[in-house]
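Coordinates as given in upload.cif (mmCIF, C-alpha atoms):
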data_start
#
loop_
_atom_site.label_atom_id
_atom_site.label_comp_id
_atom_site.auth_asym_id
_atom_site.auth_seq_id
_atom_site.Cartn_x
_atom_site.Cartn_y
_atom_site.Cartn_z
CA MET A 6 28.20 33.81 36.78
CA ASN A 7 25.62 36.57 37.25
CA ARG A 8 22.05 36.08 38.49
CA ARG A 9 20.61 36.01 34.93
CA ASP A 10 23.02 33.23 33.90
CA VAL A 11 22.18 31.25 37.04
CA LEU A 12 18.44 31.47 36.33
CA LYS A 13 19.00 30.56 32.69
CA ALA A 14 21.09 27.51 33.61
CA ALA A 15 18.44 26.42 36.11
CA ALA A 16 15.73 26.70 33.46
CA VAL A 17 17.71 24.51 31.04
CA ALA A 18 18.39 21.97 33.77
CA GLY A 19 14.71 21.88 34.64
CA ALA A 20 13.66 21.39 31.03
CA TYR A 21 16.29 18.71 30.54
CA ALA A 22 15.05 16.93 33.65
CA ALA A 23 11.52 16.98 32.22
CA LEU A 24 12.61 14.96 29.19
CA PRO A 25 12.26 11.15 29.26
CA LYS A 26 14.69 9.64 31.77
CA TYR A 27 17.20 7.79 29.62
CA SER A 28 20.23 6.44 31.42
CA PHE A 29 23.35 6.27 29.30
CA ALA A 30 25.15 3.88 31.63
CA ALA A 31 25.59 0.30 30.47
CA ALA A 32 22.78 -1.95 31.63
CA LYS A 33 23.75 -4.35 34.38
CA GLY A 34 22.85 -7.99 34.66
CA SER A 35 24.49 -11.38 34.90
CA ASP A 36 22.24 -13.33 32.52
CA LYS A 37 22.56 -12.93 28.79
CA LEU A 38 19.44 -11.67 27.06
CA LYS A 39 18.46 -14.02 24.24
CA VAL A 40 17.82 -12.11 21.03
CA GLY A 41 15.93 -13.09 17.89
CA VAL A 42 15.94 -11.16 14.61
CA ILE A 43 12.89 -10.91 12.36
CA GLY A 44 13.98 -9.35 9.07
CA CYS A 45 17.62 -10.13 8.28
CA SER A 46 18.58 -7.56 5.65
CA GLY A 47 20.76 -4.48 6.12
CA ARG A 48 18.94 -2.56 8.84
CA GLY A 49 18.05 -5.59 10.93
CA ILE A 50 21.58 -6.96 10.95
CA ALA A 51 23.10 -3.52 11.54
CA ALA A 52 20.79 -3.27 14.56
CA VAL A 53 22.38 -6.47 15.89
CA ARG A 54 25.77 -4.77 15.73
CA ASP A 55 24.40 -1.66 17.45
CA MET A 56 22.77 -3.70 20.20
CA ILE A 57 25.94 -5.67 20.95
CA ASN A 58 27.99 -2.48 21.00
CA ALA A 59 25.46 -1.15 23.50
CA ASP A 60 25.56 -4.24 25.74
CA ARG A 61 27.88 -7.22 25.30
CA ASN A 62 25.73 -9.34 27.60
CA VAL A 63 23.31 -10.38 24.85
CA GLU A 64 23.23 -13.46 22.66
CA VAL A 65 21.67 -13.71 19.20
CA ILE A 66 20.14 -17.18 19.06
CA ALA A 67 17.42 -17.09 16.37
CA LEU A 68 16.89 -15.67 12.87
CA ALA A 69 13.74 -15.35 10.78
CA ASP A 70 13.34 -14.04 7.25
CA LEU A 71 11.15 -14.62 4.23
CA PHE A 72 14.18 -15.43 2.07
CA PRO A 73 16.90 -18.04 2.84
CA ASP A 74 19.60 -15.90 1.20
CA ARG A 75 18.96 -13.17 3.78
CA ILE A 76 19.81 -15.71 6.48
CA ASP A 77 23.08 -16.40 4.64
CA TYR A 78 23.72 -12.65 4.53
CA ALA A 79 23.13 -12.38 8.27
CA LEU A 80 25.47 -15.23 9.12
CA ASP A 81 28.17 -13.78 6.85
CA ARG A 82 27.85 -10.41 8.55
CA PHE A 83 28.10 -12.01 11.96
CA GLU A 84 31.42 -13.58 10.92
CA PHE A 85 32.57 -10.18 9.71
CA TYR A 86 31.57 -8.56 12.99
CA LYS A 87 33.47 -11.18 14.99
CA ASN A 88 36.62 -10.89 12.88
CA ASN A 89 36.64 -7.16 12.29
CA LYS A 90 40.18 -5.95 12.95
CA THR A 91 39.11 -2.47 14.04
CA LYS A 92 36.27 -3.25 16.47
CA PRO A 93 35.51 -6.97 16.73
CA LEU A 94 32.38 -8.14 18.51
CA PRO A 95 32.57 -11.03 21.03
CA ALA A 96 32.03 -14.44 19.44
CA ASP A 97 29.86 -15.53 22.36
CA CYS A 98 27.26 -12.94 21.37
CA PHE A 99 26.39 -15.12 18.37
CA ASN A 100 24.97 -18.59 18.88
CA VAL A 101 22.53 -19.34 16.07
CA LYS A 102 21.97 -23.06 15.69
CA LYS A 103 20.46 -24.58 12.56
CA GLU A 104 17.20 -25.44 14.29
CA MET A 105 16.80 -21.76 15.27
CA ILE A 106 16.75 -20.53 11.66
CA PHE A 107 13.33 -19.96 10.14
CA THR A 108 12.30 -18.91 6.62
CA GLY A 109 9.07 -18.34 4.75
CA TRP A 110 5.92 -16.36 5.42
CA ASP A 111 5.43 -17.90 8.87
CA ALA A 112 9.06 -17.57 9.93
CA TYR A 113 8.24 -14.86 12.47
CA LYS A 114 5.64 -17.10 14.13
CA GLN A 115 8.17 -19.91 14.45
CA LEU A 116 10.78 -17.61 15.98
CA LEU A 117 8.24 -16.33 18.52
CA GLN A 118 7.73 -19.90 19.76
CA THR A 119 11.36 -20.00 20.93
CA ASP A 120 12.66 -18.72 24.27
CA VAL A 121 14.07 -15.43 22.97
CA ASP A 122 13.65 -12.54 25.41
CA LEU A 123 13.99 -9.73 22.92
CA VAL A 124 13.17 -9.33 19.23
CA ILE A 125 14.85 -7.02 16.74
CA HIS A 126 12.19 -6.38 14.12
CA ALA A 127 13.15 -4.94 10.72
CA THR A 128 10.83 -6.33 8.06
CA PRO A 129 9.28 -4.08 5.37
CA PRO A 130 7.09 -1.55 7.22
CA VAL A 131 3.75 -2.88 5.97
CA PHE A 132 4.20 -6.02 8.09
CA ARG A 133 5.22 -4.26 11.30
CA PRO A 134 1.83 -3.76 13.03
CA MET A 135 0.90 -7.43 12.48
CA HIS A 136 4.31 -8.70 13.58
CA LEU A 137 4.53 -6.35 16.57
CA LYS A 138 1.20 -7.59 17.87
CA ALA A 139 2.41 -11.19 17.52
CA CYS A 140 5.63 -10.36 19.40
CA LEU A 141 3.73 -8.81 22.29
CA GLU A 142 1.20 -11.63 22.44
CA ALA A 143 4.18 -14.00 22.71
CA GLY A 144 5.53 -11.98 25.65
CA LYS A 145 8.62 -10.60 23.89
CA HIS A 146 10.29 -7.23 24.38
CA VAL A 147 10.87 -5.53 21.02
CA PHE A 148 13.15 -3.16 19.18
CA ILE A 149 11.14 -2.20 16.08
CA GLU A 150 12.38 -0.15 13.17
CA LYS A 151 10.63 2.95 11.89
CA PRO A 152 8.09 3.70 10.50
CA GLY A 153 5.63 1.67 12.52
CA ALA A 154 3.05 1.35 9.74
CA VAL A 155 2.22 2.52 6.22
CA ASP A 156 -1.51 3.31 6.45
CA ALA A 157 -4.28 4.38 8.83
CA VAL A 158 -5.40 0.83 9.62
CA GLY A 159 -1.85 -0.14 10.60
CA ALA A 160 -1.43 3.04 12.63
CA ARG A 161 -4.51 2.29 14.69
CA GLN A 162 -3.10 -1.17 15.33
CA LEU A 163 0.06 0.44 16.71
CA TYR A 164 -1.94 2.24 19.41
CA GLU A 165 -3.62 -1.05 20.27
CA CYS A 166 -0.16 -2.60 20.54
CA ALA A 167 0.88 0.21 22.90
CA ASP A 168 -2.00 -0.70 25.20
CA LEU A 169 -1.10 -4.39 24.95
CA ALA A 170 2.55 -3.72 25.83
CA ASP A 171 1.44 -1.74 28.88
CA LYS A 172 -0.88 -4.53 29.97
CA LYS A 173 1.90 -7.11 29.69
CA GLY A 174 4.65 -4.89 31.11
CA LEU A 175 6.76 -5.24 27.97
CA SER A 176 9.34 -2.68 26.79
CA VAL A 177 9.34 -1.54 23.17
CA ILE A 178 11.67 1.02 21.60
CA GLY A 179 11.27 2.25 18.02
CA GLY A 180 14.08 3.19 15.68
CA ILE A 181 13.56 6.94 16.09
CA GLN A 182 17.11 7.28 17.34
CA ARG A 183 17.38 11.07 17.33
CA ARG A 184 15.43 11.05 20.61
CA PHE A 185 18.46 9.30 22.15
CA HIS A 186 21.06 11.73 20.77
CA LYS A 187 22.54 13.82 23.58
CA GLY A 188 22.92 16.89 21.34
CA TYR A 189 19.28 16.68 20.31
CA MET A 190 18.23 16.13 23.92
CA GLU A 191 20.07 19.20 25.17
CA GLY A 192 18.92 21.34 22.24
CA ILE A 193 15.28 20.42 22.80
CA ALA A 194 15.70 21.02 26.54
CA ARG A 195 17.13 24.49 25.92
CA MET A 196 14.24 25.31 23.59
CA LYS A 197 11.71 24.18 26.18
CA ALA A 198 13.52 26.29 28.78
CA GLY A 199 12.73 29.35 26.68
CA GLU A 200 16.05 30.10 24.98
CA LEU A 201 14.34 30.55 21.59
CA GLY A 202 11.52 32.67 22.95
CA ASP A 203 8.13 31.94 21.41
CA ILE A 204 8.28 29.36 18.61
CA THR A 205 7.07 30.93 15.36
CA SER A 206 7.71 28.18 12.78
CA THR A 207 9.46 24.84 12.24
CA GLN A 208 11.10 23.05 9.34
CA ALA A 209 11.80 19.38 8.61
CA VAL A 210 14.02 18.29 5.70
CA TRP A 211 15.18 14.90 4.37
CA LEU A 212 16.75 15.13 0.91
CA ASN A 213 18.47 11.87 0.00
CA SER A 214 20.70 11.09 -2.99
CA LYS A 215 20.81 7.31 -2.55
CA PHE A 216 18.48 5.13 -4.57
CA PHE A 217 18.86 1.63 -5.93
CA ILE A 218 16.97 -1.59 -6.58
CA GLN A 219 17.96 -5.12 -5.61
CA LYS A 220 18.40 -7.13 -8.81
CA MET A 221 20.58 -9.93 -7.44
CA ARG A 222 19.16 -13.19 -6.10
CA LEU A 223 15.78 -12.60 -7.71
CA GLN A 224 14.15 -15.88 -8.60
CA ASN A 225 11.35 -13.92 -10.24
CA PRO A 226 12.53 -10.68 -11.91
CA ASP A 227 8.96 -9.69 -12.80
CA PRO A 228 8.22 -6.29 -11.15
CA GLU A 229 4.62 -7.42 -10.75
CA SER A 230 5.64 -10.36 -8.58
CA MET A 231 5.48 -10.44 -4.81
CA GLU A 232 9.15 -11.41 -4.56
CA TYR A 233 10.35 -8.42 -6.58
CA GLN A 234 8.24 -6.02 -4.56
CA VAL A 235 9.16 -7.37 -1.13
CA ARG A 236 12.88 -7.37 -1.99
CA ASN A 237 12.55 -3.82 -3.33
CA TRP A 238 9.98 -2.73 -0.77
CA PHE A 239 11.29 0.85 -0.51
CA ILE A 240 10.09 1.77 -4.03
CA PHE A 241 6.54 0.44 -3.62
CA THR A 242 4.02 2.44 -1.62
CA TRP A 243 2.14 -0.59 -0.30
CA ALA A 244 5.29 -2.00 1.34
CA SER A 245 7.16 1.14 2.45
CA GLY A 246 4.60 3.93 2.67
CA ASP A 247 6.73 5.86 0.11
CA CYS A 248 9.95 7.66 1.00
CA TYR A 249 8.02 10.34 2.89
CA VAL A 250 6.76 7.81 5.41
CA GLU A 251 9.73 5.44 5.35
CA GLN A 252 12.48 8.03 5.90
CA HIS A 253 11.06 11.47 6.65
CA VAL A 254 9.36 10.06 9.74
CA HIS A 255 12.66 10.74 11.55
CA ASN A 256 12.38 14.50 11.05
CA LEU A 257 8.67 14.67 11.76
CA ASP A 258 9.28 12.80 15.01
CA ILE A 259 11.56 15.62 16.17
CA ILE A 260 8.94 18.24 15.35
CA LEU A 261 6.35 16.41 17.45
CA TRP A 262 8.87 15.90 20.25
CA GLY A 263 9.76 19.59 20.31
CA LEU A 264 6.28 21.08 19.98
CA GLU A 265 4.49 18.53 22.17
CA LYS A 266 1.27 18.88 20.19
CA LYS A 267 -0.22 17.59 16.96
CA PRO A 268 -1.19 19.47 13.78
CA ILE A 269 -4.77 20.46 13.07
CA MET A 270 -4.51 20.66 9.26
CA VAL A 271 -2.26 19.14 6.60
CA ASN A 272 -1.74 20.37 3.03
CA GLY A 273 0.78 18.59 0.78
CA LEU A 274 2.05 18.42 -2.75
CA GLY A 275 4.40 16.06 -4.52
CA GLY A 276 5.22 14.21 -7.71
CA ARG A 277 7.41 11.75 -9.53
CA ARG A 278 10.15 12.12 -12.12
CA TRP A 279 8.84 11.45 -15.61
CA ASP A 280 11.73 9.11 -16.57
CA LEU A 281 11.24 6.46 -13.86
CA PRO A 282 9.61 3.40 -15.45
CA VAL A 283 6.64 1.77 -13.77
CA PRO A 284 6.57 -0.86 -12.31
CA GLN A 285 10.32 -1.57 -12.58
CA MET A 286 11.10 1.45 -10.38
CA GLY A 287 8.03 1.08 -8.21
CA ASN A 288 5.19 3.56 -7.90
CA ARG A 289 6.60 5.95 -5.30
CA PHE A 290 6.75 9.72 -5.56
CA SER A 291 10.12 11.44 -6.02
CA HIS A 292 9.48 14.51 -3.89
CA PHE A 293 7.10 15.97 -1.33
CA ALA A 294 6.44 19.36 0.25
CA VAL A 295 3.93 19.43 3.08
CA ASP A 296 2.59 22.21 5.30
CA PHE A 297 1.43 21.11 8.75
CA ASP A 298 -0.70 23.75 10.48
CA PHE A 299 -0.50 23.54 14.29
CA GLY A 300 -2.83 26.51 14.85
CA ASN A 301 -2.08 30.03 16.11
CA ASN A 302 -0.01 30.70 12.96
CA LEU A 303 2.50 27.96 13.85
CA HIS A 304 3.46 25.73 10.92
CA CYS A 305 5.91 22.99 10.09
CA TYR A 306 7.25 23.20 6.54
CA SER A 307 8.33 19.74 5.50
CA TYR A 308 10.39 18.69 2.48
CA SER A 309 11.34 15.19 1.35
CA ARG A 310 13.16 13.96 -1.76
CA ARG A 311 14.87 10.70 -2.70
CA GLU A 312 16.73 10.85 -6.01
CA THR A 313 20.11 9.60 -7.18
CA GLY A 314 22.57 12.44 -7.68
CA ALA A 315 20.47 15.11 -6.01
CA GLN A 316 21.91 17.25 -3.21
CA GLU A 317 21.64 15.79 0.28
CA MET A 318 20.30 17.66 3.29
CA VAL A 319 18.86 16.28 6.52
CA GLN A 320 17.90 18.63 9.34
CA GLU A 321 15.22 20.06 11.61
CA LYS A 322 14.76 23.68 12.68
CA PHE A 323 12.73 25.46 15.34
CA MET A 324 12.51 29.22 14.75
CA GLY A 325 11.65 31.50 17.65
CA THR A 326 11.42 35.17 18.52
CA LYS A 327 14.89 35.07 20.12
CA GLY A 328 16.70 32.60 17.87
CA THR A 329 16.73 29.32 15.97
CA LEU A 330 17.54 25.77 17.04
CA GLU A 331 19.27 23.89 14.21
CA LEU A 332 19.48 20.12 14.52
CA SER A 333 21.19 17.41 12.50
CA LEU A 334 23.24 14.37 13.38
CA GLN A 335 26.36 16.37 12.48
CA ARG A 336 25.60 19.61 14.33
CA GLN A 337 23.25 20.91 17.02
CA ARG A 338 23.26 24.61 17.82
CA ILE A 339 21.21 27.71 18.68
CA ILE A 340 21.79 30.92 16.75
CA ASP A 341 20.33 34.34 17.37
CA ASN A 342 18.44 36.34 14.78
CA ASP A 343 21.70 37.77 13.44
CA GLY A 344 23.22 34.33 12.91
CA LYS A 345 25.52 34.40 15.95
CA THR A 346 25.99 31.03 17.66
CA LEU A 347 24.66 31.15 21.22
CA TRP A 348 25.10 27.46 22.02
CA GLU A 349 26.58 24.48 20.21
CA MET A 350 26.91 20.87 21.33
CA PRO A 351 30.51 19.59 21.29
CA GLN A 352 30.62 16.61 18.94
CA LYS A 353 33.73 14.93 20.33
CA ASP A 354 33.04 11.63 22.11
CA LEU A 355 29.25 11.90 21.80
CA PRO A 356 27.60 8.49 22.30
CA GLN A 357 26.25 6.88 19.11
CA CYS A 358 22.47 7.30 19.21
CA LEU A 359 21.96 4.11 17.17
CA GLU A 360 23.52 2.31 20.13
CA GLU A 361 21.98 4.43 22.87
CA GLU A 362 18.44 3.39 21.90
CA HIS A 363 19.43 -0.23 22.57
CA LYS A 364 21.02 0.70 25.90
CA VAL A 365 17.75 2.28 26.96
CA LEU A 366 15.76 -0.78 25.92
CA ILE A 367 18.07 -3.31 27.58
CA GLU A 368 18.26 -1.26 30.76
CA ALA A 369 14.46 -1.24 30.93
CA ILE A 370 14.33 -5.02 30.47
CA ARG A 371 17.00 -5.74 33.08
CA SER A 372 15.61 -3.30 35.64
CA GLY A 373 12.00 -4.34 35.17
CA LYS A 374 11.07 -0.66 34.69
CA GLN A 375 8.97 -0.76 31.54
CA ASN A 376 9.79 1.66 28.73
CA ASN A 377 7.08 1.61 26.06
CA MET A 378 7.62 4.10 23.20
CA ILE A 379 5.13 2.66 20.73
CA ARG A 380 2.89 5.73 21.02
CA GLU A 381 5.72 8.11 20.09
CA LEU A 382 6.50 5.93 17.07
CA ALA A 383 2.81 5.78 16.16
CA ASP A 384 2.35 9.55 16.45
CA SER A 385 5.28 10.22 14.11
CA THR A 386 4.11 7.54 11.70
CA VAL A 387 0.63 9.08 11.56
CA MET A 388 2.08 12.51 10.78
CA ALA A 389 4.07 11.03 7.89
CA ILE A 390 1.08 9.08 6.52
CA ALA A 391 -1.08 12.21 6.68
CA GLY A 392 1.50 14.20 4.70
CA ARG A 393 1.75 11.50 2.04
CA GLU A 394 -2.00 11.15 1.66
CA SER A 395 -2.45 14.91 1.29
CA ALA A 396 0.28 15.06 -1.37
CA TYR A 397 -1.12 12.06 -3.24
CA ALA A 398 -4.62 13.56 -3.30
CA GLY A 399 -3.60 17.18 -3.80
CA ARG A 400 -6.00 18.11 -1.03
CA ALA A 401 -5.84 19.66 2.41
CA PHE A 402 -7.71 17.94 5.23
CA LYS A 403 -8.14 18.02 8.98
CA TYR A 404 -5.39 16.05 10.65
CA ASP A 405 -7.77 14.12 12.90
CA TRP A 406 -9.52 12.67 9.84
CA LEU A 407 -6.79 10.11 9.21
CA LEU A 408 -7.17 8.11 12.42
CA ALA A 409 -10.90 8.79 12.78
CA LYS A 410 -12.07 7.98 9.26
CA SER A 411 -9.45 6.58 6.88
CA GLN A 412 -9.78 2.90 6.01
CA LYS A 413 -6.61 2.75 3.88
CA ASN A 414 -5.02 -0.68 4.31
CA TYR A 415 -2.05 -1.72 2.17
CA LEU A 416 -1.46 -5.12 3.81
CA PRO A 417 -2.20 -7.86 1.23
CA GLU A 418 -5.15 -10.05 2.13
CA ASN A 419 -3.07 -13.11 1.29
CA CYS A 420 0.68 -12.90 1.86
CA GLN A 421 2.08 -15.38 -0.65
CA PHE A 422 4.38 -15.51 -3.65
CA GLY A 423 2.96 -15.01 -7.10
CA LYS A 424 1.54 -12.22 -9.21
CA LYS A 425 0.91 -8.86 -7.53
CA PRO A 426 -0.33 -6.07 -9.81
CA VAL A 427 1.15 -2.65 -9.10
CA ASP A 428 -1.11 0.32 -8.47
CA GLY A 429 -0.53 3.26 -10.79
CA ILE A 430 1.29 6.37 -9.65
CA PRO A 431 -1.08 8.52 -7.58
CA ILE A 432 -2.35 11.53 -9.54
CA PRO A 433 -3.15 14.59 -7.40
CA GLY A 434 -6.70 15.69 -8.09
CA GLN A 435 -7.72 12.15 -9.02
CA TYR A 436 -6.39 10.10 -6.06
CA THR A 437 -9.24 9.49 -3.61
CA LEU A 438 -8.75 9.80 0.10
CA SER A 439 -10.25 6.71 1.65
#
Using the file provided, produce a representation of the structure as structure tokens.
Amino acid sequence: MNRRDVLKAAAVAGAYAALPKYSFAAAKGSDKLKVGVIGCSGRGIAAVRDMINADRNVEVIALADLFPDRIDYALDRFEFYKNNKTKPLPADCFNVKKEMIFTGWDAYKQLLQTDVDLVIHATPPVFRPMHLKACLEAGKHVFIEKPGAVDAVGARQLYECADLADKKGLSVIGGIQRRFHKGYMEGIARMKAGELGDITSTQAVWLNSKFFIQKMRLQNPDPESMEYQVRNWFIFTWASGDCYVEQHVHNLDIILWGLEKKPIMVNGLGGRRWDLPVPQMGNRFSHFAVDFDFGNNLHCYSYSRRETGAQEMVQEKFMGTKGTLELSLQRQRIIDNDGKTLWEMPQKDLPQCLEEEHKVLIEAIRSGKQNNMIRELADSTVMAIAGRESAYAGRAFKYDWLLAKSQKNYLPENCQFGKKPVDGIPIPGQYTLS
């Protein structure tokens, strides 16, 4: 190895060392951590599987959900996990007694009165700031799914929760799992060590072909009912933040992680397919394109789409004077300006980042060394909300306006079953920023 290679390797090692210190060793400890789940649909129960794969010394003891059938779903999945022929999970990781099952609008409050140590939180995003605050006030460590909020009011609450977690010494990890992917970590480290040269532009893309609504188990099939909208939260802006906030937050999180600064301006556009009926198919947009201006001619060009049958693409790019860092869960590499691969992360035997985030959280809890990532989740959530609001309004605005001035609050004043009128589809040029 010549002197130039030695210096280059040292720079990468230094940049890698400057990243958050995540240990990928299994957390130690003799006592089982008691886990409660708030939000028992697909993502919440999959997170249980990921957590147990990360550390077998945990025990799920409590479940909370608005709907009783979601509890049934969770218990069925636990039986599947225990009896899976390929990779069964230990039966002693599941110990949910009848008296530790809670349903209804106050189910999360009842669960927080139990002796769980750690909460997996995966309700519709609109409820997350309120529930996270309650978890922290109850002294619980938390794994919370992304995004952290759906509006400016909720986002400000996230930063308050970050301060509260610090005050109480509680660890909180958000479901922004790419930060725990070893290929992403090394790629970002190499970029920060200068392998791309000066960064000239960035790109974030989430194009998704999967879209459906939940018609089964509906007691009230009226699209203007609270039940319909909570069960199908991902197609209603008030509950999900729209697909740009709910899903694209992953990609925007990587841009913020890599650039280590926030935009100064945002300018978005978007729309909805003409053939999607309202309110049966919600009031979300179908597609977004947003330009985030970071100053000094540095931009992030962001694209999001969620439509059945459309082509899928999920990736982030950092373009520099010497080359480009391309990131996805399938491939992480640096190419030069002629397209030649300069570095590529081997994919064989890479740890699963959906499990690694739980390892990091559990290690923090067992060691007593707090790891609070609410602010990172909040920053990414704010970027996504800003992009959506700009696209809805068809207007550019200063990025700081959102947290400083916006009073947008989608959380219903009264959370209860019954009639809930659906807002019309936002019309750019008529939608008012508020």
Evaluate the PyMOL selection byres ((chain A and resi 306-308) around 9) and record the selected residues as an mmCIF file with C-alpha atoms, in the frame of the given file, following the chain and residue labels used in the document.
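Final output, saved to part-v2.cif:
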data_model
loop_
_atom_site.group_PDB
_atom_site.id
_atom_site.type_symbol
_atom_site.label_atom_id
_atom_site.label_comp_id
_atom_site.auth_asym_id
_atom_site.auth_seq_id
_atom_site.Cartn_x
_atom_site.Cartn_y
_atom_site.Cartn_z
ATOM 1 C CA SER A 206 7.710 28.180 12.780
ATOM 2 C CA THR A 207 9.460 24.840 12.240
ATOM 3 C CA GLN A 208 11.100 23.050 9.340
ATOM 4 C CA ALA A 209 11.800 19.380 8.610
ATOM 5 C CA VAL A 210 14.020 18.290 5.700
ATOM 6 C CA TRP A 211 15.180 14.900 4.370
ATOM 7 C CA LEU A 212 16.750 15.130 0.910
ATOM 8 C CA TYR A 249 8.020 10.340 2.890
ATOM 9 C CA HIS A 253 11.060 11.470 6.650
ATOM 10 C CA ASN A 256 12.380 14.500 11.050
ATOM 11 C CA LEU A 257 8.670 14.670 11.760
ATOM 12 C CA GLY A 273 0.780 18.590 0.780
ATOM 13 C CA HIS A 292 9.480 14.510 -3.890
ATOM 14 C CA PHE A 293 7.100 15.970 -1.330
ATOM 15 C CA ALA A 294 6.440 19.360 0.250
ATOM 16 C CA VAL A 295 3.930 19.430 3.080
ATOM 17 C CA ASP A 296 2.590 22.210 5.300
ATOM 18 C CA PHE A 297 1.430 21.110 8.750
ATOM 19 C CA ASP A 298 -0.700 23.750 10.480
ATOM 20 C CA HIS A 304 3.460 25.730 10.920
ATOM 21 C CA CYS A 305 5.910 22.990 10.090
ATOM 22 C CA SER A 309 11.340 15.190 1.350
ATOM 23 C CA ARG A 310 13.160 13.960 -1.760
ATOM 24 C CA GLY A 392 1.500 14.200 4.700
#
(request) For Asp280 of chain A, please output as a list in words all residues within 12 Å (counting only C-alpha atoms; exclusion window: fewer than 6 positions along the same chain). (result)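 After dropping sequence-adjacent residues, the list is Met286, Ser291 and Glu312 of chain A.
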(request) Translate the PyMOL selection byres ((chain A and resi 87) around 12), as applied to the file shown, into an explicit residue set as a list in words. (result)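 So the PyMOL selection byres ((chain A and resi 87) around 12), applied here, picks out Arg54, Ile57, Asn58, Leu80, Asp81, Arg82, Phe83, Glu84, Phe85, Tyr86, Asn88, Asn89, Lys90, Thr91, Lys92, Pro93, Leu94, Pro95, Ala96, Asp97, Cys98, Phe99 and Asn100 of chain A.
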(request) Mind checking which residues fall within 9 Å of Glu229 of chain A, counting only C-alpha atoms, ignoring those fewer than 3 positions away in the same chain, and posting them as a PyMOL selection string? (result) chain A and resi 226+232-234+284-285+423-427
(request) In the coordinate frame of the file, compute which residues have an atom within 10 Å of (18.3, -2.5, 26.9) when using only C-alpha atoms, and state them as JSON, numbers by chain. (result) {"A": [31, 32, 33, 38, 56, 59, 60, 63, 123, 146, 147, 148, 176, 177, 178, 360, 361, 362, 363, 364, 365, 366, 367, 368, 369, 370, 371, 372, 376]}
Save the residues we just selected, C-alpha atoms, as an mmCIF file, keeping the file's coordinate frame?
data_model
loop_
_atom_site.group_PDB
_atom_site.id
_atom_site.type_symbol
_atom_site.label_atom_id
_atom_site.label_comp_id
_atom_site.auth_asym_id
_atom_site.auth_seq_id
_atom_site.Cartn_x
_atom_site.Cartn_y
_atom_site.Cartn_z
ATOM 1 C CA ALA A 31 25.590 0.300 30.470
ATOM 2 C CA ALA A 32 22.780 -1.950 31.630
ATOM 3 C CA LYS A 33 23.750 -4.350 34.380
ATOM 4 C CA LEU A 38 19.440 -11.670 27.060
ATOM 5 C CA MET A 56 22.770 -3.700 20.200
ATOM 6 C CA ALA A 59 25.460 -1.150 23.500
ATOM 7 C CA ASP A 60 25.560 -4.240 25.740
ATOM 8 C CA VAL A 63 23.310 -10.380 24.850
ATOM 9 C CA LEU A 123 13.990 -9.730 22.920
ATOM 10 C CA HIS A 146 10.290 -7.230 24.380
ATOM 11 C CA VAL A 147 10.870 -5.530 21.020
ATOM 12 C CA PHE A 148 13.150 -3.160 19.180
ATOM 13 C CA SER A 176 9.340 -2.680 26.790
ATOM 14 C CA VAL A 177 9.340 -1.540 23.170
ATOM 15 C CA ILE A 178 11.670 1.020 21.600
ATOM 16 C CA GLU A 360 23.520 2.310 20.130
ATOM 17 C CA GLU A 361 21.980 4.430 22.870
ATOM 18 C CA GLU A 362 18.440 3.390 21.900
ATOM 19 C CA HIS A 363 19.430 -0.230 22.570
ATOM 20 C CA LYS A 364 21.020 0.700 25.900
ATOM 21 C CA VAL A 365 17.750 2.280 26.960
ATOM 22 C CA LEU A 366 15.760 -0.780 25.920
ATOM 23 C CA ILE A 367 18.070 -3.310 27.580
ATOM 24 C CA GLU A 368 18.260 -1.260 30.760
ATOM 25 C CA ALA A 369 14.460 -1.240 30.930
ATOM 26 C CA ILE A 370 14.330 -5.020 30.470
ATOM 27 C CA ARG A 371 17.000 -5.740 33.080
ATOM 28 C CA SER A 372 15.610 -3.300 35.640
ATOM 29 C CA ASN A 376 9.790 1.660 28.730
#
Mind listing whatever residues come within 10 Å of the point (8.2, 1.5, 11.4)? Use all atoms listed in the file, file coordinates, and give them as a tab-separated table (two decimals) with C-alpha atoms, in the frame of the given file.
chain	number	residue	atom	x	y	z
A	126	HIS	CA	12.19	-6.38	14.12
A	127	ALA	CA	13.15	-4.94	10.72
A	128	THR	CA	10.83	-6.33	8.06
A	129	PRO	CA	9.28	-4.08	5.37
A	130	PRO	CA	7.09	-1.55	7.22
A	131	VAL	CA	3.75	-2.88	5.97
A	132	PHE	CA	4.20	-6.02	8.09
A	133	ARG	CA	5.22	-4.26	11.30
A	134	PRO	CA	1.83	-3.76	13.03
A	149	ILE	CA	11.14	-2.20	16.08
A	150	GLU	CA	12.38	-0.15	13.17
A	151	LYS	CA	10.63	2.95	11.89
A	152	PRO	CA	8.09	3.70	10.50
A	153	GLY	CA	5.63	1.67	12.52
A	154	ALA	CA	3.05	1.35	9.74
A	155	VAL	CA	2.22	2.52	6.22
A	160	ALA	CA	-1.43	3.04	12.63
A	163	LEU	CA	0.06	0.44	16.71
A	179	GLY	CA	11.27	2.25	18.02
A	180	GLY	CA	14.08	3.19	15.68
A	181	ILE	CA	13.56	6.94	16.09
A	245	SER	CA	7.16	1.14	2.45
A	246	GLY	CA	4.60	3.93	2.67
A	250	VAL	CA	6.76	7.81	5.41
A	251	GLU	CA	9.73	5.44	5.35
A	252	GLN	CA	12.48	8.03	5.90
A	254	VAL	CA	9.36	10.06	9.74
A	379	ILE	CA	5.13	2.66	20.73
A	382	LEU	CA	6.50	5.93	17.07
A	383	ALA	CA	2.81	5.78	16.16
A	385	SER	CA	5.28	10.22	14.11
A	386	THR	CA	4.11	7.54	11.70
